file target22.txt (compact mmCIF, C-alpha atoms and all ligand atoms)
# COMPACT_ATOMS: atom_id res chain seq x y z
CA MET W 50 17.55 -9.89 7.89
CA ILE W 51 17.13 -9.19 11.61
CA ALA W 52 14.54 -10.94 13.78
CA HIS W 53 11.04 -9.93 12.81
CA ASP W 54 10.09 -9.13 16.40
CA ALA W 55 12.86 -6.52 16.81
CA PRO W 56 12.12 -2.80 16.34
CA LEU W 57 13.02 -1.38 12.94
CA THR W 58 14.21 2.22 12.73
CA VAL W 59 13.65 4.25 9.57
CA ARG W 60 15.95 7.20 8.94
CA SER W 61 14.10 10.30 7.76
CA SER W 62 15.06 13.93 7.18
CA GLN W 63 11.89 14.77 9.15
CA GLY W 64 13.10 12.74 12.14
CA ASP W 65 13.85 9.05 12.45
CA TYR W 66 10.98 6.81 13.52
CA THR W 67 10.65 3.24 14.69
CA VAL W 68 8.33 0.41 13.74
CA GLU W 69 7.63 -1.24 17.12
CA PRO W 70 6.30 -4.82 17.07
CA PHE W 71 3.74 -6.02 19.65
CA ALA W 72 2.87 -9.68 20.25
CA GLY W 73 -0.74 -8.90 21.21
CA VAL W 74 -3.37 -6.18 20.75
CA ALA W 75 -3.69 -5.57 24.53
CA ALA W 76 0.01 -4.65 24.88
CA LEU W 77 -0.31 -2.39 21.86
CA ALA W 78 -3.40 -0.72 23.38
CA ALA W 79 -1.41 -0.02 26.56
CA ALA W 80 1.21 1.75 24.43
CA VAL W 81 -1.51 3.86 22.79
CA ALA W 82 -2.91 4.74 26.26
CA ALA W 83 0.53 6.13 27.18
CA VAL W 84 0.63 8.55 24.20
CA PRO W 85 0.38 12.13 25.51
CA GLU W 86 -2.87 13.98 24.59
CA PRO W 87 -3.99 11.45 21.99
CA PHE W 88 -6.75 12.01 19.46
CA VAL W 89 -7.69 8.65 17.97
CA ILE W 90 -8.87 8.29 14.38
CA VAL W 91 -10.02 4.70 14.01
CA ASP W 92 -11.54 2.56 11.26
CA GLU W 93 -15.12 1.97 12.43
CA ARG W 94 -14.96 -1.74 11.59
CA VAL W 95 -11.75 -2.14 13.59
CA ALA W 96 -13.32 -0.24 16.52
CA ALA W 97 -16.29 -2.63 16.48
CA LEU W 98 -14.08 -5.73 16.31
CA TYR W 99 -11.53 -4.64 18.92
CA GLY W 100 -13.65 -2.58 21.35
CA ASP W 101 -12.73 -4.73 24.36
CA ALA W 102 -9.07 -5.01 23.42
CA PHE W 103 -8.90 -1.22 23.11
CA ALA W 104 -10.27 -0.65 26.64
CA ALA W 105 -6.91 0.77 27.84
CA PHE W 106 -7.45 3.95 25.83
CA ALA W 107 -11.25 4.09 26.01
CA HIS W 108 -10.92 7.55 27.63
CA ALA W 109 -9.23 9.09 24.56
CA PRO W 110 -11.37 11.28 22.29
CA ARG W 111 -11.92 9.58 18.94
CA HIS W 112 -13.27 9.89 15.44
CA MET W 113 -14.71 6.81 13.75
CA LEU W 114 -13.95 6.61 10.06
CA PRO W 115 -15.57 4.40 7.41
CA ALA W 116 -12.80 2.88 5.25
CA THR W 117 -14.12 3.96 1.86
CA GLU W 118 -12.43 5.77 -1.01
CA SER W 119 -15.11 8.49 -0.78
CA GLU W 120 -14.04 9.16 2.82
CA LYS W 121 -10.41 9.45 1.62
CA THR W 122 -11.08 12.99 0.38
CA LEU W 123 -10.83 16.55 1.64
CA HIS W 124 -14.36 16.07 3.02
CA GLY W 125 -13.16 13.09 5.05
CA VAL W 126 -10.19 15.12 6.30
CA GLU W 127 -12.52 18.00 7.22
CA ARG W 128 -14.80 15.63 9.17
CA ALA W 129 -11.80 14.28 11.11
CA LEU W 130 -10.53 17.81 11.83
CA LEU W 131 -13.97 19.02 12.95
CA ALA W 132 -14.10 16.08 15.37
CA LEU W 133 -10.63 17.04 16.64
CA GLN W 134 -11.79 20.64 17.05
CA ALA W 135 -14.94 19.50 18.92
CA ALA W 136 -12.71 17.41 21.22
CA ARG W 137 -10.73 20.59 22.03
CA GLY W 138 -7.55 19.38 20.38
CA SER W 139 -4.51 21.60 20.80
CA LYS W 140 -1.01 22.11 19.46
CA ARG W 141 0.06 19.37 21.88
CA THR W 142 -2.33 16.79 20.42
CA THR W 143 -0.86 13.59 18.99
CA VAL W 144 -3.06 12.01 16.32
CA VAL W 145 -3.23 8.22 16.70
CA ALA W 146 -4.42 6.55 13.47
CA ILE W 147 -5.72 2.98 13.77
CA GLY W 148 -6.73 1.24 10.55
CA GLY W 149 -5.60 0.45 7.03
CA GLY W 150 -4.32 2.69 4.26
CA ILE W 151 -7.51 4.76 4.12
CA VAL W 152 -7.35 5.73 7.80
CA GLN W 153 -3.62 6.31 7.39
CA ASP W 154 -4.05 8.69 4.45
CA VAL W 155 -6.86 10.72 6.05
CA SER W 156 -5.11 10.88 9.43
CA THR W 157 -1.70 11.83 8.07
CA LEU W 158 -3.09 14.76 6.14
CA SER W 159 -5.25 15.78 9.12
CA ALA W 160 -2.21 15.72 11.46
CA HIS W 161 -0.21 17.65 8.86
CA LEU W 162 -2.82 20.43 8.65
CA TRP W 163 -3.83 20.74 12.32
CA TYR W 164 -2.02 23.82 13.67
CA ARG W 165 0.45 23.42 10.76
CA GLY W 166 1.42 19.97 11.91
CA VAL W 167 1.26 17.79 15.02
CA PRO W 168 2.84 14.33 15.50
CA TYR W 169 0.99 11.19 14.55
CA VAL W 170 1.38 7.62 15.67
CA TYR W 171 0.22 4.96 13.26
CA VAL W 172 -1.25 1.54 14.09
CA PRO W 173 -1.66 -0.37 10.80
CA THR W 174 -4.44 -2.97 10.97
CA THR W 175 -4.39 -4.28 7.39
CA LEU W 176 -1.62 -6.43 5.98
CA LEU W 177 -1.07 -3.93 3.18
CA ALA W 178 -0.45 -1.15 5.68
CA MET W 179 1.78 -3.32 7.94
CA ALA W 180 3.97 -4.57 5.12
CA ASP W 181 4.15 -1.47 2.98
CA SER W 182 2.34 1.81 3.52
CA CYS W 183 3.16 2.29 7.24
CA ILE W 184 6.66 3.50 6.36
CA GLY W 185 7.69 5.97 3.69
CA ALA W 186 5.74 9.00 4.91
CA LYS W 187 3.57 9.31 1.83
CA SER W 188 -0.06 10.22 2.19
CA ALA W 189 -2.64 11.18 -0.37
CA VAL W 190 -6.38 11.70 -0.70
CA ASN W 191 -8.61 11.56 -3.75
CA LEU W 192 -9.82 14.64 -5.61
CA GLY W 193 -12.88 14.32 -7.84
CA ALA W 194 -12.47 11.28 -10.07
CA PHE W 195 -8.72 11.09 -9.46
CA LYS W 196 -7.13 8.89 -6.83
CA ASN W 197 -4.30 10.08 -4.59
CA GLN W 198 -3.99 13.49 -6.25
CA LEU W 199 -3.50 15.59 -3.10
CA GLY W 200 -0.96 14.70 -0.49
CA THR W 201 2.15 15.29 1.54
CA PHE W 202 5.30 13.62 2.72
CA GLN W 203 4.85 13.50 6.49
CA SER W 204 6.71 10.97 8.64
CA PRO W 205 4.95 9.32 11.58
CA GLN W 206 6.42 9.73 15.04
CA ARG W 207 6.06 5.98 15.73
CA VAL W 208 4.50 2.95 14.05
CA LEU W 209 3.01 0.29 16.36
CA VAL W 210 2.53 -3.07 14.63
CA CYS W 211 0.69 -6.19 15.77
CA GLU W 212 0.20 -9.00 13.26
CA ARG W 213 -2.78 -10.36 15.22
CA PHE W 214 -4.96 -7.76 13.41
CA VAL W 215 -4.60 -9.93 10.30
CA ASP W 216 -6.71 -12.65 12.01
CA THR W 217 -9.93 -10.67 11.42
CA LEU W 218 -9.17 -9.42 7.90
CA ASP W 219 -11.30 -10.69 5.00
CA ALA W 220 -9.47 -13.16 2.72
CA ASP W 221 -9.34 -10.63 -0.14
CA ASP W 222 -7.78 -8.01 2.14
CA VAL W 223 -5.09 -10.53 3.15
CA ARG W 224 -4.43 -11.33 -0.53
CA SER W 225 -4.39 -7.60 -1.23
CA GLY W 226 -1.63 -7.11 1.35
CA TYR W 227 0.37 -9.86 -0.32
CA GLY W 228 0.05 -7.99 -3.63
CA GLU W 229 2.40 -5.31 -2.27
CA ILE W 230 4.56 -8.00 -0.62
CA VAL W 231 5.04 -9.75 -3.99
CA LYS W 232 5.91 -6.42 -5.59
CA LEU W 233 8.57 -5.71 -2.95
CA ALA W 234 9.99 -9.26 -3.12
CA ILE W 235 10.50 -8.99 -6.90
CA ILE W 236 12.07 -5.56 -6.49
CA ASP W 237 14.40 -7.03 -3.86
CA SER W 238 15.82 -10.21 -5.35
CA ALA W 239 15.26 -13.62 -6.93
CA GLY W 240 15.81 -15.19 -3.50
CA ALA W 241 13.15 -13.04 -1.78
CA TYR W 242 10.63 -13.86 -4.52
CA ALA W 243 11.37 -17.60 -4.40
CA ARG W 244 11.04 -17.68 -0.58
CA LEU W 245 7.71 -15.90 -0.77
CA ARG W 246 6.35 -18.10 -3.58
CA ASP W 247 7.44 -21.29 -1.83
CA ASP W 248 6.17 -20.28 1.64
CA VAL W 249 2.76 -19.17 0.33
CA THR W 250 2.46 -22.29 -1.82
CA ALA W 251 3.32 -24.53 1.13
CA THR W 252 1.37 -22.91 3.96
CA GLY W 253 -1.05 -20.33 2.49
CA PHE W 254 -1.36 -16.63 3.16
CA ARG W 255 -1.92 -16.80 6.91
CA GLY W 256 0.87 -19.32 7.50
CA PRO W 257 3.70 -19.12 10.03
CA PHE W 258 5.90 -17.12 7.64
CA LEU W 259 3.61 -14.07 7.51
CA ALA W 260 5.57 -12.03 10.07
CA ALA W 261 8.85 -12.78 8.29
CA HIS W 262 7.42 -11.60 4.96
CA VAL W 263 6.05 -8.42 6.54
CA ARG W 264 9.50 -7.76 7.93
CA ALA W 265 11.26 -8.55 4.64
CA SER W 266 8.93 -6.14 2.78
CA LEU W 267 9.57 -3.35 5.28
CA GLU W 268 13.33 -3.87 5.05
CA THR W 269 13.25 -3.72 1.24
CA LYS W 270 11.15 -0.57 1.29
CA ARG W 271 13.30 1.00 4.02
CA ARG W 272 16.47 0.38 1.98
CA ILE W 273 14.95 2.33 -0.92
CA ILE W 274 13.28 5.22 0.95
CA GLU W 275 16.36 5.88 3.04
CA ILE W 276 18.28 6.51 -0.19
CA ASP W 277 15.51 8.52 -1.90
CA GLU W 278 12.95 9.71 0.65
CA TYR W 279 11.11 12.12 -1.64
CA GLU W 280 10.84 9.92 -4.76
CA ARG W 281 13.19 11.88 -6.96
CA ASP W 282 14.78 8.81 -8.51
CA LEU W 283 15.29 5.31 -7.04
CA ARG W 284 12.07 5.31 -5.01
CA ARG W 285 10.05 5.52 -8.22
CA ILE W 286 10.54 1.77 -8.68
CA LEU W 287 8.15 1.21 -5.75
CA ASN W 288 5.49 2.13 -8.33
CA TYR W 289 6.17 -1.21 -10.08
CA GLY W 290 2.75 -2.71 -10.85
CA HIS W 291 0.98 0.54 -10.00
CA THR W 292 0.70 2.19 -13.42
CA PHE W 293 -1.36 -0.74 -14.72
CA GLY W 294 -2.94 -1.40 -11.32
CA HIS W 295 -4.17 2.17 -10.92
CA ALA W 296 -5.60 2.03 -14.46
CA LEU W 297 -7.49 -1.15 -13.53
CA GLU W 298 -8.78 0.45 -10.32
CA SER W 299 -9.92 3.45 -12.36
CA VAL W 300 -11.77 1.51 -15.09
CA THR W 301 -13.42 -0.81 -12.56
CA GLU W 302 -14.30 2.11 -10.24
CA ASN W 303 -12.25 0.61 -7.40
CA ALA W 304 -14.01 -2.75 -7.58
CA VAL W 305 -10.57 -4.38 -7.14
CA PRO W 306 -8.78 -4.15 -3.74
CA HIS W 307 -5.65 -2.03 -4.16
CA GLY W 308 -3.03 -4.73 -3.55
CA LEU W 309 -4.79 -7.19 -5.89
CA ALA W 310 -4.76 -4.49 -8.58
CA VAL W 311 -1.01 -4.14 -7.90
CA ALA W 312 -0.52 -7.92 -8.31
CA TRP W 313 -2.40 -7.72 -11.64
CA GLY W 314 -0.26 -4.72 -12.61
CA VAL W 315 2.93 -6.63 -11.75
CA ASP W 316 1.82 -9.43 -14.08
CA VAL W 317 1.01 -6.99 -16.90
CA ALA W 318 4.33 -5.16 -16.40
CA ASN W 319 6.19 -8.48 -16.56
CA PHE W 320 4.30 -9.45 -19.73
CA VAL W 321 5.14 -6.09 -21.35
CA ALA W 322 8.78 -6.49 -20.25
CA TRP W 323 8.93 -9.96 -21.82
CA ARG W 324 7.33 -8.72 -25.06
CA LEU W 325 9.79 -5.82 -25.23
CA GLY W 326 12.64 -8.32 -24.92
CA LEU W 327 13.69 -7.05 -21.49
CA LEU W 328 12.68 -10.05 -19.34
CA GLU W 329 13.20 -13.77 -19.88
CA ARG W 330 10.03 -15.60 -20.75
CA ALA W 331 10.67 -18.22 -18.04
CA VAL W 332 10.69 -15.50 -15.35
CA TYR W 333 7.44 -14.02 -16.65
CA GLU W 334 5.84 -17.47 -16.68
CA ASP W 335 6.98 -18.41 -13.18
CA VAL W 336 5.58 -15.22 -11.63
CA HIS W 337 2.49 -15.40 -13.84
CA ALA W 338 1.69 -18.92 -12.59
CA PHE W 339 2.07 -17.76 -8.97
CA ILE W 340 -0.11 -14.68 -9.45
CA ALA W 341 -2.75 -16.67 -11.37
CA ARG W 342 -2.86 -19.29 -8.61
CA CYS W 343 -2.92 -16.98 -5.59
CA PHE W 344 -4.24 -13.57 -6.68
CA ALA W 345 -7.12 -14.34 -9.08
CA PHE W 346 -10.09 -12.00 -8.73
CA ARG W 347 -13.27 -11.42 -10.70
CA PRO W 348 -13.88 -7.66 -11.02
CA ALA W 349 -17.58 -6.85 -11.21
CA ARG W 350 -16.93 -4.57 -14.18
CA ALA W 351 -15.56 -5.57 -17.59
CA TYR W 352 -12.57 -3.77 -19.12
CA ASP W 353 -10.44 -3.89 -22.25
CA ALA W 354 -7.02 -2.70 -23.38
CA ALA W 355 -8.36 0.56 -24.84
CA ALA W 356 -9.93 1.51 -21.49
CA ILE W 357 -6.71 0.59 -19.63
CA VAL W 358 -4.57 2.75 -21.96
CA ALA W 359 -7.09 5.63 -21.76
CA ALA W 360 -6.85 5.48 -17.95
CA MET W 361 -3.03 5.37 -18.14
CA LYS W 362 -3.09 8.59 -20.17
CA ARG W 363 -4.77 10.24 -17.16
CA ASP W 364 -2.11 8.83 -14.78
CA LYS W 365 -0.13 11.49 -12.92
CA LYS W 366 3.09 9.91 -14.23
CA ALA W 367 1.97 10.32 -17.88
CA SER W 368 2.86 13.33 -19.99
CA ALA W 369 3.11 14.18 -23.68
CA GLY W 370 1.75 10.79 -24.78
CA SER W 371 4.33 8.85 -22.77
CA VAL W 372 4.31 7.15 -19.38
CA ALA W 373 7.03 5.91 -17.03
CA LEU W 374 6.64 2.14 -16.79
CA PHE W 375 8.49 0.20 -14.11
CA LEU W 376 9.65 -2.95 -15.86
CA PRO W 377 11.71 -5.85 -14.49
CA HIS W 378 14.79 -6.85 -16.44
CA ALA W 379 15.25 -9.74 -14.00
CA LEU W 380 14.06 -10.61 -10.50
CA GLY W 381 15.70 -7.95 -8.30
CA ASP W 382 16.23 -5.56 -11.23
CA VAL W 383 13.21 -3.29 -11.83
CA ARG W 384 13.96 -0.19 -13.89
CA VAL W 385 12.13 2.90 -15.11
CA VAL W 386 11.32 2.65 -18.84
CA PRO W 387 9.66 5.71 -20.46
CA THR W 388 7.16 4.21 -22.91
CA PRO W 389 4.91 5.84 -25.54
CA LEU W 390 1.19 5.39 -24.81
CA ASP W 391 0.56 4.31 -28.38
CA ALA W 392 -1.06 1.59 -30.46
CA THR W 393 1.94 -0.71 -29.92
CA LEU W 394 1.53 -0.67 -26.14
CA GLU W 395 -2.24 -1.03 -26.49
CA ALA W 396 -1.75 -4.09 -28.73
CA VAL W 397 0.51 -5.75 -26.14
CA ILE W 398 -2.04 -5.08 -23.39
CA ALA W 399 -4.80 -6.38 -25.67
CA ASP W 400 -2.82 -9.62 -26.10
CA TYR W 401 -2.48 -9.86 -22.32
CA VAL W 402 -6.18 -9.26 -21.68
CA ALA W 403 -7.20 -11.72 -24.43
CA ALA W 404 -4.91 -14.62 -23.59
CA GLU W 405 -3.11 -14.21 -20.27
CA ASP W 406 -5.29 -12.13 -17.93
CA VAL W 407 -5.16 -13.56 -14.38
CA PHE W 408 -8.46 -11.73 -13.70
CA ALA W 409 -10.18 -13.22 -16.78
CA ARG W 410 -13.95 -13.44 -16.35
N1 LIG W 501 -0.01 6.20 1.87
C1 LIG W 501 0.54 5.17 1.27
O1 LIG W 501 1.77 5.02 1.22
C2 LIG W 501 -0.32 4.11 0.65
C3 LIG W 501 0.29 2.97 0.09
C4 LIG W 501 -0.53 1.97 -0.43
C5 LIG W 501 -1.91 2.13 -0.41
N2 LIG W 501 -2.44 3.28 0.09
C6 LIG W 501 -3.90 3.47 0.10
O2 LIG W 501 -4.46 2.62 1.08
C7 LIG W 501 -5.82 2.31 0.71
C8 LIG W 501 -6.02 0.83 0.88
O3 LIG W 501 -5.69 0.52 2.19
P1 LIG W 501 -5.76 -0.94 2.81
O4 LIG W 501 -5.70 -1.96 1.74
O5 LIG W 501 -4.78 -0.95 3.90
O6 LIG W 501 -7.19 -1.09 3.41
P2 LIG W 501 -8.43 -0.18 3.78
O7 LIG W 501 -8.03 0.88 4.72
O8 LIG W 501 -9.11 0.19 2.51
O9 LIG W 501 -9.30 -1.29 4.54
C9 LIG W 501 -9.75 -2.46 3.85
C10 LIG W 501 -10.89 -3.09 4.61
O10 LIG W 501 -10.39 -3.76 5.77
C11 LIG W 501 -11.12 -3.35 6.95
N3 LIG W 501 -10.20 -3.55 8.04
C12 LIG W 501 -9.09 -2.84 8.37
N4 LIG W 501 -8.43 -3.45 9.36
C13 LIG W 501 -9.14 -4.57 9.69
C14 LIG W 501 -8.95 -5.62 10.62
N5 LIG W 501 -7.86 -5.70 11.39
N6 LIG W 501 -9.87 -6.60 10.67
C15 LIG W 501 -10.98 -6.57 9.87
N7 LIG W 501 -11.18 -5.61 8.95
C16 LIG W 501 -10.27 -4.62 8.86
C17 LIG W 501 -11.56 -1.96 6.60
O11 LIG W 501 -12.67 -1.56 7.38
C18 LIG W 501 -11.92 -2.11 5.13
O12 LIG W 501 -13.19 -2.69 4.99
C19 LIG W 501 -6.01 2.81 -0.70
O13 LIG W 501 -6.74 4.01 -0.67
C20 LIG W 501 -4.57 3.07 -1.18
O14 LIG W 501 -4.52 4.10 -2.14
C21 LIG W 501 -1.68 4.24 0.66
call {"tool": "encode", "arguments": {"input": "target22.txt", "output": "structure tokens"}}
result
Amino acid sequence: MIAHDAPLTVRSSQGDYTVEPFAGVAALAAAVAAVPEPFVIVDERVAALYGDAFAAFAHAPRHMLPATESEKTLHGVERALLALQAARGSKRTTVVAIGGGIVQDVSTLSAHLWYRGVPYVYVPTTLLAMADSCIGAKSAVNLGAFKNQLGTFQSPQRVLVCERFVDTLDADDVRSGYGEIVKLAIIDSAGAYARLRDDVTATGFRGPFLAAHVRASLETKRRIIEIDEYERDLRRILNYGHTFGHALESVTENAVPHGLAVAWGVDVANFVAWRLGLLERAVYEDVHAFIARCFAFRPARAYDAAAIVAAMKRDKKASAGSVALFLPHALGDVRVVPTPLDATLEAVIADYVAAEDVFAR
């Protein structure tokens, strides 16, 4: 691992791009001010919190975006594009997106569509976006009742990262970011998982190791996306925890922050892997204890195994009564396992929900 304050370059067939670390928000704002012909799309909460710190680019035209799933739609993209049109954007505009995954997804698609594509610079302000979604070039918006159904692969031109944004995040949004960090650590190796578990246990989520874990997550994800940029094969394992997590988000109508749903989904996937004889029980139990201790959440809406399986049948990775599950065979060894969406799987999930559920009410 290289120092976490060094730039990290991601190779992409659309053009390589660099994740550039900044020690403070003011230095980052100066970099934004130097972007040619910027159009800023910014999370309205972030704009309110960082108004003074963003003074360097106060002159830039901007669109304020509420970070809600209902804004992450074609309507939200249209609102952003109408604001860009009203600001007399051109083919030389660079979209600068400042916010979490919702701002990222709306802005990426907007930049992709404006005059058939202009560059975008991304400033992630949530931990989830810093540690995971800011690289990989995926973007998606919701369509009707279905999450992330429309999207593109569109690489950013640059990613500007400052961990100080985490200071103002709500506790659940910090835990949510760690949900994706846990996922990536388990995908990476037993050592990465043990380091993460021990650091978080010793010093909490906002401890001195945060920057190192952000960096480790990005390096794990980079290793995978540089081999399989367009998710034809290896990159699919980044969906570990997501099949169950998306089902939980769906049945609770997004009452669970995305990364916490992923942490829940990782635990369910590990339980299923253990029950299928793929994963040692001791590994399941170690990760289960960590997730139960650090990622517990009480969704406002109740759910059961039947509802989870019904939602999985609507998953975009399900077809002909079967779904691709991403199941660990060991720490550092997550594999794709096509699995029938049948009574057997529902019974295993029912056992989990009845006796093991880290989100139990
Ligand atoms: N494109 C991808 O690769 C990808 C990957 C993972 C998730 N996602 C999507 O990202 C979305 C979730 O994104 P997210 O978890 O980053 O958060 P978010 O964009 O939903 O924001 C979460 C909350 O944090 C607030 N916020 C953002 N930055 C803040 C700051 N610095 N201080 C205080 N509050 C701040 C927001 O206003 C919001 O209330 C989901 O829609 C998910 O599907 C996309």
call {"tool": "residues_near_ligand", "arguments": {"input": "target22.txt", "ligand": "ligand LIG 501 (chain W)", "cutoff": "8 Å", "atoms": "only C-alpha atoms and all ligand atoms", "output": "compact mmCIF listing (two decimals) with C-alpha atoms, in the frame of the given file"}}
result
# COMPACT_ATOMS: atom_id res chain seq x y z
CA ASP W 92 -11.54 2.56 11.26
CA GLU W 93 -15.12 1.97 12.43
CA ARG W 94 -14.96 -1.74 11.59
CA VAL W 95 -11.75 -2.14 13.59
CA LEU W 98 -14.08 -5.73 16.31
CA PRO W 115 -15.57 4.40 7.41
CA ALA W 116 -12.80 2.88 5.25
CA THR W 117 -14.12 3.96 1.86
CA GLU W 118 -12.43 5.77 -1.01
CA LYS W 121 -10.41 9.45 1.62
CA GLY W 148 -6.73 1.24 10.55
CA GLY W 149 -5.60 0.45 7.03
CA GLY W 150 -4.32 2.69 4.26
CA ILE W 151 -7.51 4.76 4.12
CA VAL W 152 -7.35 5.73 7.80
CA GLN W 153 -3.62 6.31 7.39
CA ASP W 154 -4.05 8.69 4.45
CA PRO W 173 -1.66 -0.37 10.80
CA THR W 174 -4.44 -2.97 10.97
CA THR W 175 -4.39 -4.28 7.39
CA LEU W 176 -1.62 -6.43 5.98
CA LEU W 177 -1.07 -3.93 3.18
CA ALA W 178 -0.45 -1.15 5.68
CA ASP W 181 4.15 -1.47 2.98
CA SER W 182 2.34 1.81 3.52
CA CYS W 183 3.16 2.29 7.24
CA ILE W 184 6.66 3.50 6.36
CA GLY W 185 7.69 5.97 3.69
CA ALA W 186 5.74 9.00 4.91
CA LYS W 187 3.57 9.31 1.83
CA SER W 188 -0.06 10.22 2.19
CA ALA W 189 -2.64 11.18 -0.37
CA VAL W 190 -6.38 11.70 -0.70
CA LYS W 196 -7.13 8.89 -6.83
CA ASN W 197 -4.30 10.08 -4.59
CA ARG W 213 -2.78 -10.36 15.22
CA PHE W 214 -4.96 -7.76 13.41
CA VAL W 215 -4.60 -9.93 10.30
CA ASP W 216 -6.71 -12.65 12.01
CA THR W 217 -9.93 -10.67 11.42
CA LEU W 218 -9.17 -9.42 7.90
CA ASP W 219 -11.30 -10.69 5.00
CA ASP W 222 -7.78 -8.01 2.14
CA SER W 225 -4.39 -7.60 -1.23
CA GLY W 226 -1.63 -7.11 1.35
CA PRO W 306 -8.78 -4.15 -3.74
CA HIS W 307 -5.65 -2.03 -4.16
CA GLY W 308 -3.03 -4.73 -3.55
call {"tool": "atom_distance", "arguments": {"input": "target22.txt", "atom1": "atom CA of Leu245 of chain W", "atom2": "atom CA of Arg324 of chain W"}}
result
25.3 Å
call {"tool": "residues_around", "arguments": {"input": "target22.txt", "residues": "Gln63 of chain W", "least_positions_apart": "5", "cutoff": "10 Å", "atoms": "all atoms listed in the file", "output": "list in words"}}
result
Ala186, Phe202, Gln203, Ser204, Pro205, Gln206 and Glu278 of chain W
call {"tool": "write_last_selection", "arguments": {"input": "target22.txt", "atoms": "C-alpha atoms", "output": "PDB file, keeping the file's coordinate frame"}}
result
ATOM      1  CA  ALA W 186       5.740   9.000   4.910  1.00  0.00           C
ATOM      2  CA  PHE W 202       5.300  13.620   2.720  1.00  0.00           C
ATOM      3  CA  GLN W 203       4.850  13.500   6.490  1.00  0.00           C
ATOM      4  CA  SER W 204       6.710  10.970   8.640  1.00  0.00           C
ATOM      5  CA  PRO W 205       4.950   9.320  11.580  1.00  0.00           C
ATOM      6  CA  GLN W 206       6.420   9.730  15.040  1.00  0.00           C
ATOM      7  CA  GLU W 278      12.950   9.710   0.650  1.00  0.00           C
TER       8      GLU W 278
END
call {"tool": "residues_around", "arguments": {"input": "target22.txt", "residues": "Arg246 of chain W", "least_positions_apart": "4", "cutoff": "9 Å", "atoms": "all atoms listed in the file", "output": "number ranges by chain"}}
result
W: 231, 241-242, 250-251, 336, 339
call {"tool": "atom_distance", "arguments": {"input": "target22.txt", "atom1": "atom CA of Ala312 of chain W", "atom2": "atom CA of Asp221 of chain W"}}
result
12.3 Å
call {"tool": "atom_distance", "arguments": {"input": "target22.txt", "atom1": "atom CA of Ala75 of chain W", "atom2": "atom CA of Ala102 of chain W"}}
result
5.5 Å
call {"tool": "residues_around", "arguments": {"input": "target22.txt", "residues": "segment 132-140 of chain W", "least_positions_apart": "2", "cutoff": "7 Å", "atoms": "only C-alpha atoms", "output": "PyMOL selection string"}}
result
chain W and resi 88+110+112+128-130+142+164+167
call {"tool": "closest_residue", "arguments": {"input": "target22.txt", "among": "W:Asn191, W:Gly100, W:Val385, W:Ile357", "to": "His124 of chain W", "atoms": "all atoms listed in the file"}}
result
W:Asn191
call {"tool": "residues_around", "arguments": {"input": "target22.txt", "residues": "Lys270 of chain W", "least_positions_apart": "5", "cutoff": "10 Å", "atoms": "only C-alpha atoms", "output": "list of chain:residue names"}}
result
W:Val59, W:Ala180, W:Asp181, W:Ser182, W:Ile184, W:Gly185, W:Leu233, W:Ala234, W:Ile236, W:Asp237, W:Arg264, W:Ala265, W:Glu275, W:Arg284, W:Leu287
call {"tool": "write_last_selection", "arguments": {"input": "target22.txt", "atoms": "C-alpha atoms", "output": "short mmCIF file (atom, residue, chain, number, x, y, z; two decimals), keeping the file's coordinate frame"}}
result
data_model
loop_
_atom_site.label_atom_id
_atom_site.label_comp_id
_atom_site.auth_asym_id
_atom_site.auth_seq_id
_atom_site.Cartn_x
_atom_site.Cartn_y
_atom_site.Cartn_z
CA VAL W 59 13.65 4.25 9.57
CA ALA W 180 3.97 -4.57 5.12
CA ASP W 181 4.15 -1.47 2.98
CA SER W 182 2.34 1.81 3.52
CA ILE W 184 6.66 3.50 6.36
CA GLY W 185 7.69 5.97 3.69
CA LEU W 233 8.57 -5.71 -2.95
CA ALA W 234 9.99 -9.26 -3.12
CA ILE W 236 12.07 -5.56 -6.49
CA ASP W 237 14.40 -7.03 -3.86
CA ARG W 264 9.50 -7.76 7.93
CA ALA W 265 11.26 -8.55 4.64
CA GLU W 275 16.36 5.88 3.04
CA ARG W 284 12.07 5.31 -5.01
CA LEU W 287 8.15 1.21 -5.75
#
call {"tool": "closest_residue", "arguments": {"input": "target22.txt", "among": "W:Leu114, W:Val263, W:Ala220, W:Leu158", "to": "Asp54 of chain W", "atoms": "all atoms listed in the file"}}
result
W:Val263
call {"tool": "closest_residue", "arguments": {"input": "target22.txt", "among": "W:Pro87, W:Pro387, W:Gly253, W:Gly326", "to": "Thr292 of chain W", "atoms": "only C-alpha atoms"}}
result
W:Pro387
call {"tool": "residues_around", "arguments": {"input": "target22.txt", "residues": "Cys211 of chain W", "least_positions_apart": "4", "cutoff": "7 Å", "atoms": "only C-alpha atoms", "output": "number ranges by chain"}}
result
W: 70-74
call {"tool": "closest_residue", "arguments": {"input": "target22.txt", "among": "W:Tyr171, W:Phe195, W:Phe106, W:Tyr333", "to": "Ile235 of chain W", "atoms": "all atoms listed in the file"}}
result
W:Tyr333
call {"tool": "closest_residue", "arguments": {"input": "target22.txt", "among": "W:Trp313, W:Tyr352, W:Phe408, W:Phe293", "to": "Ala367 of chain W", "atoms": "only C-alpha atoms"}}
result
W:Phe293
call {"tool": "closest_atom_pairs", "arguments": {"input": "target22.txt", "of": "segment 265-384 of chain W", "to": "segment 395-407 of chain W", "cutoff": "6 Å", "atoms": "all atoms listed in the file", "output": "Markdown table"}}
result
| residue | atom | partner | partner_atom | distance |
| --- | --- | --- | --- | --- |
| W:Ala341 | CA | W:Val407 | CA | 5.0 |
| W:Ala345 | CA | W:Val407 | CA | 5.7 |
| W:Ala354 | CA | W:Ala399 | CA | 4.9 |
